[in-house]
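These notes are about the structure you will find just below.
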Amino acid sequence: MRKSFVTLAVGLIIILMSSCSSGKKPSSTEADSGTLCTCPPESFIHIDLQPLGDFSQKEANQLKEELEKHLVPIYLSEIEVLPKKDIPASCLYKPRNRYWAGKILGFLKQQNQGSDFVTIGLTHRDISTSIHRQYNYGIMGLSFLPGEACVVSTYRLKRKDDLWKVTIHEFLHSRGLPHCKKNAPKCLMQDAHGKNTFYMKNGLCQDCQNSMKSIIGNQ
Ligand SMILES: [Zn+2]
Ligand SMILES: [Zn+2]
């Protein structure tokens, strides 16, 4: 009797082990980013994607799908695409035909005032801010740190398909996550320092994942 119980137990353990290892092998992106199953439920937030100017609803929906795939496992969120809006003319810096990213943030913040949503503006136009001791410096994205609005632009991206990476970078700034302290080249939170390196990035490094968890835990 005891022997058959032991045989049954061993058999069960073997079945359990094989069902774990027979699962789909994580892709290199998933393995490198280590972002699987790290999402604490208390991180839940609603995100509005706001297409601006000639950024189409279709493109915004594609970005939504990318974010559901890559952001939701890091930060539990519900994502909605809003109807298109024009960027107010007052945001334009005429001498360079660029939009002041900070002014766009102000415009987006006005829209979601009083809510705890995050609104992310999406544009194909060039956006800029004054950083690195330079007036009106072209950037890929800007966010309050922390705050309820971000803006991202495809204009300076080498690969337009990498917009989800810029979006996650700015969104996590909006949740209070600073730049990567390890300066890891593959980490989405590495400071761009004016370089266009998003094509190299694939997830959050362990250090940034830990920082994100402690920020969520303290909210
Ligand atoms: Zn990092
Ligand atoms: Zn940044």
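Going by the structure tokens order, chains are called A, B, ..., each with residues numbered from 1, while ligands are numbered from 1 in the order shown.
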Which residues are near ligand 2 in this structure, taking near to mean any atom at most 7 Å from a ligand atom and counting only C-alpha atoms and all ligand atoms? Format them as a PyMOL selection string. chain A and resi 169-170+173+179+189+191-192
Within 10 Å of ligand 1 (counting only C-alpha atoms and all ligand atoms), which residues show up? I'd like them as number ranges by chain. A: 33, 177-191, 203-211
Those residues with N, CA and C atoms, as a PDB file, in the first residue's frame please?
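The result, stored in again-v5.pdb:
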```
ATOM      1  N   SER A  33      14.482  40.555 -21.051  1.00  0.00           N
ATOM      2  CA  SER A  33      13.813  41.631 -20.335  1.00  0.00           C
ATOM      3  C   SER A  33      13.377  41.153 -18.953  1.00  0.00           C
ATOM      4  N   LEU A 177       9.479  56.544 -12.243  1.00  0.00           N
ATOM      5  CA  LEU A 177      10.726  55.780 -12.430  1.00  0.00           C
ATOM      6  C   LEU A 177      11.774  56.650 -13.143  1.00  0.00           C
ATOM      7  N   PRO A 178      12.936  56.859 -12.512  1.00  0.00           N
ATOM      8  CA  PRO A 178      13.975  57.675 -13.163  1.00  0.00           C
ATOM      9  C   PRO A 178      14.753  56.861 -14.195  1.00  0.00           C
ATOM     10  N   HIS A 179      15.797  57.455 -14.774  1.00  0.00           N
ATOM     11  CA  HIS A 179      16.613  56.729 -15.759  1.00  0.00           C
ATOM     12  C   HIS A 179      17.378  55.589 -15.097  1.00  0.00           C
ATOM     13  N   CYS A 180      17.775  54.629 -15.949  1.00  0.00           N
ATOM     14  CA  CYS A 180      18.448  53.421 -15.488  1.00  0.00           C
ATOM     15  C   CYS A 180      19.777  53.762 -14.797  1.00  0.00           C
ATOM     16  N   LYS A 181      19.895  53.358 -13.540  1.00  0.00           N
ATOM     17  CA  LYS A 181      21.123  53.667 -12.797  1.00  0.00           C
ATOM     18  C   LYS A 181      22.297  52.830 -13.294  1.00  0.00           C
ATOM     19  N   LYS A 182      21.989  51.669 -13.851  1.00  0.00           N
ATOM     20  CA  LYS A 182      23.047  50.791 -14.392  1.00  0.00           C
ATOM     21  C   LYS A 182      23.494  51.237 -15.789  1.00  0.00           C
ATOM     22  N   ASN A 183      22.733  52.162 -16.381  1.00  0.00           N
ATOM     23  CA  ASN A 183      23.001  52.615 -17.757  1.00  0.00           C
ATOM     24  C   ASN A 183      23.093  51.423 -18.717  1.00  0.00           C
ATOM     25  N   ALA A 184      22.225  50.429 -18.502  1.00  0.00           N
ATOM     26  CA  ALA A 184      22.260  49.198 -19.302  1.00  0.00           C
ATOM     27  C   ALA A 184      21.763  49.479 -20.727  1.00  0.00           C
ATOM     28  N   PRO A 185      22.569  49.153 -21.746  1.00  0.00           N
ATOM     29  CA  PRO A 185      22.203  49.496 -23.134  1.00  0.00           C
ATOM     30  C   PRO A 185      20.884  48.885 -23.609  1.00  0.00           C
ATOM     31  N   LYS A 186      20.522  47.700 -23.045  1.00  0.00           N
ATOM     32  CA  LYS A 186      19.278  47.070 -23.498  1.00  0.00           C
ATOM     33  C   LYS A 186      18.062  47.522 -22.689  1.00  0.00           C
ATOM     34  N   CYS A 187      18.309  48.262 -21.619  1.00  0.00           N
ATOM     35  CA  CYS A 187      17.207  48.637 -20.720  1.00  0.00           C
ATOM     36  C   CYS A 187      16.419  49.810 -21.289  1.00  0.00           C
ATOM     37  N   LEU A 188      15.098  49.666 -21.269  1.00  0.00           N
ATOM     38  CA  LEU A 188      14.218  50.713 -21.806  1.00  0.00           C
ATOM     39  C   LEU A 188      14.354  52.039 -21.069  1.00  0.00           C
ATOM     40  N   MET A 189      14.858  52.020 -19.837  1.00  0.00           N
ATOM     41  CA  MET A 189      14.962  53.259 -19.062  1.00  0.00           C
ATOM     42  C   MET A 189      16.347  53.901 -19.145  1.00  0.00           C
ATOM     43  N   GLN A 190      17.210  53.393 -20.022  1.00  0.00           N
ATOM     44  CA  GLN A 190      18.518  54.035 -20.193  1.00  0.00           C
ATOM     45  C   GLN A 190      18.312  55.449 -20.763  1.00  0.00           C
ATOM     46  N   ASP A 191      19.064  56.397 -20.242  1.00  0.00           N
ATOM     47  CA  ASP A 191      18.973  57.768 -20.740  1.00  0.00           C
ATOM     48  C   ASP A 191      19.492  57.803 -22.175  1.00  0.00           C
ATOM     49  N   GLY A 203      13.599  45.597 -22.949  1.00  0.00           N
ATOM     50  CA  GLY A 203      12.871  45.371 -21.704  1.00  0.00           C
ATOM     51  C   GLY A 203      13.512  46.158 -20.577  1.00  0.00           C
ATOM     52  N   LEU A 204      13.087  45.883 -19.360  1.00  0.00           N
ATOM     53  CA  LEU A 204      13.657  46.572 -18.192  1.00  0.00           C
ATOM     54  C   LEU A 204      14.731  45.699 -17.563  1.00  0.00           C
ATOM     55  N   CYS A 205      15.850  46.297 -17.159  1.00  0.00           N
ATOM     56  CA  CYS A 205      16.877  45.509 -16.462  1.00  0.00           C
ATOM     57  C   CYS A 205      16.350  45.174 -15.051  1.00  0.00           C
ATOM     58  N   GLN A 206      17.010  44.247 -14.391  1.00  0.00           N
ATOM     59  CA  GLN A 206      16.549  43.797 -13.077  1.00  0.00           C
ATOM     60  C   GLN A 206      16.489  44.955 -12.086  1.00  0.00           C
ATOM     61  N   ASP A 207      17.486  45.840 -12.166  1.00  0.00           N
ATOM     62  CA  ASP A 207      17.560  46.975 -11.255  1.00  0.00           C
ATOM     63  C   ASP A 207      16.326  47.894 -11.409  1.00  0.00           C
ATOM     64  N   CYS A 208      15.973  48.187 -12.668  1.00  0.00           N
ATOM     65  CA  CYS A 208      14.804  49.042 -12.916  1.00  0.00           C
ATOM     66  C   CYS A 208      13.507  48.329 -12.530  1.00  0.00           C
ATOM     67  N   GLN A 209      13.465  47.004 -12.758  1.00  0.00           N
ATOM     68  CA  GLN A 209      12.270  46.247 -12.327  1.00  0.00           C
ATOM     69  C   GLN A 209      12.092  46.350 -10.821  1.00  0.00           C
ATOM     70  N   ASN A 210      13.211  46.242 -10.081  1.00  0.00           N
ATOM     71  CA  ASN A 210      13.131  46.341  -8.620  1.00  0.00           C
ATOM     72  C   ASN A 210      12.686  47.743  -8.198  1.00  0.00           C
ATOM     73  N   SER A 211      13.243  48.775  -8.858  1.00  0.00           N
ATOM     74  CA  SER A 211      12.849  50.155  -8.528  1.00  0.00           C
ATOM     75  C   SER A 211      11.360  50.351  -8.786  1.00  0.00           C
TER      76      SER A 211
END
```
So, counting only C-alpha atoms, which residue among A:Gly114, A:Ile104, A:Gly194, A:Pro83 is closest to A:His132?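 Result for the nearest residue to A:His132: A:Gly194.
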Leaving out stretch 46-50 of chain A and any residue of its chain fewer than 6 positions from it, which residues lie within 6 Å of it when counting only C-alpha atoms, given as a ChimeraX atom specification? /A:77-82,117-122
Go ahead and save the residues from that selection, with N, CA, C and O atoms, as a PDB file, in the first residue's frame.
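Below is the file result09.pdb, written as the result:
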```pdb
ATOM      1  N   SER A  77      -2.321  47.615 -16.787  1.00  0.00           N
ATOM      2  CA  SER A  77      -3.027  48.805 -17.245  1.00  0.00           C
ATOM      3  C   SER A  77      -4.114  48.452 -18.246  1.00  0.00           C
ATOM      4  O   SER A  77      -4.088  47.389 -18.867  1.00  0.00           O
ATOM      5  N   GLU A  78      -5.048  49.403 -18.346  1.00  0.00           N
ATOM      6  CA  GLU A  78      -6.138  49.283 -19.315  1.00  0.00           C
ATOM      7  C   GLU A  78      -5.925  50.435 -20.289  1.00  0.00           C
ATOM      8  O   GLU A  78      -5.729  51.573 -19.856  1.00  0.00           O
ATOM      9  N   ILE A  79      -5.881  50.133 -21.584  1.00  0.00           N
ATOM     10  CA  ILE A  79      -5.480  51.155 -22.558  1.00  0.00           C
ATOM     11  C   ILE A  79      -6.625  51.468 -23.508  1.00  0.00           C
ATOM     12  O   ILE A  79      -7.262  50.555 -24.046  1.00  0.00           O
ATOM     13  N   GLU A  80      -6.869  52.760 -23.699  1.00  0.00           N
ATOM     14  CA  GLU A  80      -7.958  53.185 -24.578  1.00  0.00           C
ATOM     15  C   GLU A  80      -7.428  54.189 -25.604  1.00  0.00           C
ATOM     16  O   GLU A  80      -6.584  55.018 -25.264  1.00  0.00           O
ATOM     17  N   VAL A  81      -7.913  54.087 -26.833  1.00  0.00           N
ATOM     18  CA  VAL A  81      -7.505  55.054 -27.863  1.00  0.00           C
ATOM     19  C   VAL A  81      -8.586  56.131 -27.969  1.00  0.00           C
ATOM     20  O   VAL A  81      -9.757  55.824 -28.169  1.00  0.00           O
ATOM     21  N   LEU A  82      -8.187  57.387 -27.827  1.00  0.00           N
ATOM     22  CA  LEU A  82      -9.141  58.502 -27.905  1.00  0.00           C
ATOM     23  C   LEU A  82      -9.274  58.981 -29.360  1.00  0.00           C
ATOM     24  O   LEU A  82      -8.385  58.733 -30.178  1.00  0.00           O
ATOM     25  N   PHE A 117      -5.845  59.178 -14.492  1.00  0.00           N
ATOM     26  CA  PHE A 117      -5.450  58.572 -15.761  1.00  0.00           C
ATOM     27  C   PHE A 117      -4.085  59.100 -16.161  1.00  0.00           C
ATOM     28  O   PHE A 117      -3.670  60.157 -15.708  1.00  0.00           O
ATOM     29  N   VAL A 118      -3.462  58.387 -17.094  1.00  0.00           N
ATOM     30  CA  VAL A 118      -2.301  58.950 -17.769  1.00  0.00           C
ATOM     31  C   VAL A 118      -2.705  59.128 -19.232  1.00  0.00           C
ATOM     32  O   VAL A 118      -3.238  58.206 -19.844  1.00  0.00           O
ATOM     33  N   THR A 119      -2.494  60.319 -19.763  1.00  0.00           N
ATOM     34  CA  THR A 119      -2.773  60.553 -21.178  1.00  0.00           C
ATOM     35  C   THR A 119      -1.449  60.635 -21.918  1.00  0.00           C
ATOM     36  O   THR A 119      -0.561  61.379 -21.511  1.00  0.00           O
ATOM     37  N   ILE A 120      -1.328  59.841 -22.981  1.00  0.00           N
ATOM     38  CA  ILE A 120      -0.082  59.831 -23.763  1.00  0.00           C
ATOM     39  C   ILE A 120      -0.374  60.381 -25.160  1.00  0.00           C
ATOM     40  O   ILE A 120      -1.141  59.786 -25.927  1.00  0.00           O
ATOM     41  N   GLY A 121       0.210  61.513 -25.474  1.00  0.00           N
ATOM     42  CA  GLY A 121       0.039  62.124 -26.791  1.00  0.00           C
ATOM     43  C   GLY A 121       0.946  61.433 -27.804  1.00  0.00           C
ATOM     44  O   GLY A 121       2.102  61.120 -27.496  1.00  0.00           O
ATOM     45  N   LEU A 122       0.421  61.178 -29.023  1.00  0.00           N
ATOM     46  CA  LEU A 122       1.176  60.465 -30.062  1.00  0.00           C
ATOM     47  C   LEU A 122       1.286  61.364 -31.283  1.00  0.00           C
ATOM     48  O   LEU A 122       0.268  61.840 -31.801  1.00  0.00           O
TER      49      LEU A 122
END
```
Identify all residues of stretch 62-91 of chain A in strand (DSSP E) (DSSP on the backbone) and supply them as a PyMOL selection string. chain A and resi 77-81
Could the residues in this selection be saved with N, CA, C and O atoms as a PDB file, in the first residue's frame?
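What ended up in out-v9.pdb:
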```pdb
ATOM      1  N   SER A  77      -2.321  47.615 -16.787  1.00  0.00           N
ATOM      2  CA  SER A  77      -3.027  48.805 -17.245  1.00  0.00           C
ATOM      3  C   SER A  77      -4.114  48.452 -18.246  1.00  0.00           C
ATOM      4  O   SER A  77      -4.088  47.389 -18.867  1.00  0.00           O
ATOM      5  N   GLU A  78      -5.048  49.403 -18.346  1.00  0.00           N
ATOM      6  CA  GLU A  78      -6.138  49.283 -19.315  1.00  0.00           C
ATOM      7  C   GLU A  78      -5.925  50.435 -20.289  1.00  0.00           C
ATOM      8  O   GLU A  78      -5.729  51.573 -19.856  1.00  0.00           O
ATOM      9  N   ILE A  79      -5.881  50.133 -21.584  1.00  0.00           N
ATOM     10  CA  ILE A  79      -5.480  51.155 -22.558  1.00  0.00           C
ATOM     11  C   ILE A  79      -6.625  51.468 -23.508  1.00  0.00           C
ATOM     12  O   ILE A  79      -7.262  50.555 -24.046  1.00  0.00           O
ATOM     13  N   GLU A  80      -6.869  52.760 -23.699  1.00  0.00           N
ATOM     14  CA  GLU A  80      -7.958  53.185 -24.578  1.00  0.00           C
ATOM     15  C   GLU A  80      -7.428  54.189 -25.604  1.00  0.00           C
ATOM     16  O   GLU A  80      -6.584  55.018 -25.264  1.00  0.00           O
ATOM     17  N   VAL A  81      -7.913  54.087 -26.833  1.00  0.00           N
ATOM     18  CA  VAL A  81      -7.505  55.054 -27.863  1.00  0.00           C
ATOM     19  C   VAL A  81      -8.586  56.131 -27.969  1.00  0.00           C
ATOM     20  O   VAL A  81      -9.757  55.824 -28.169  1.00  0.00           O
TER      21      VAL A  81
END
```
Atom CA of A:Ser143 to atom CA of A:Pro51: how many Å, to one decimal?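 Between atom CA of A:Ser143 and atom CA of A:Pro51 the gap works out to 16.0 Å.
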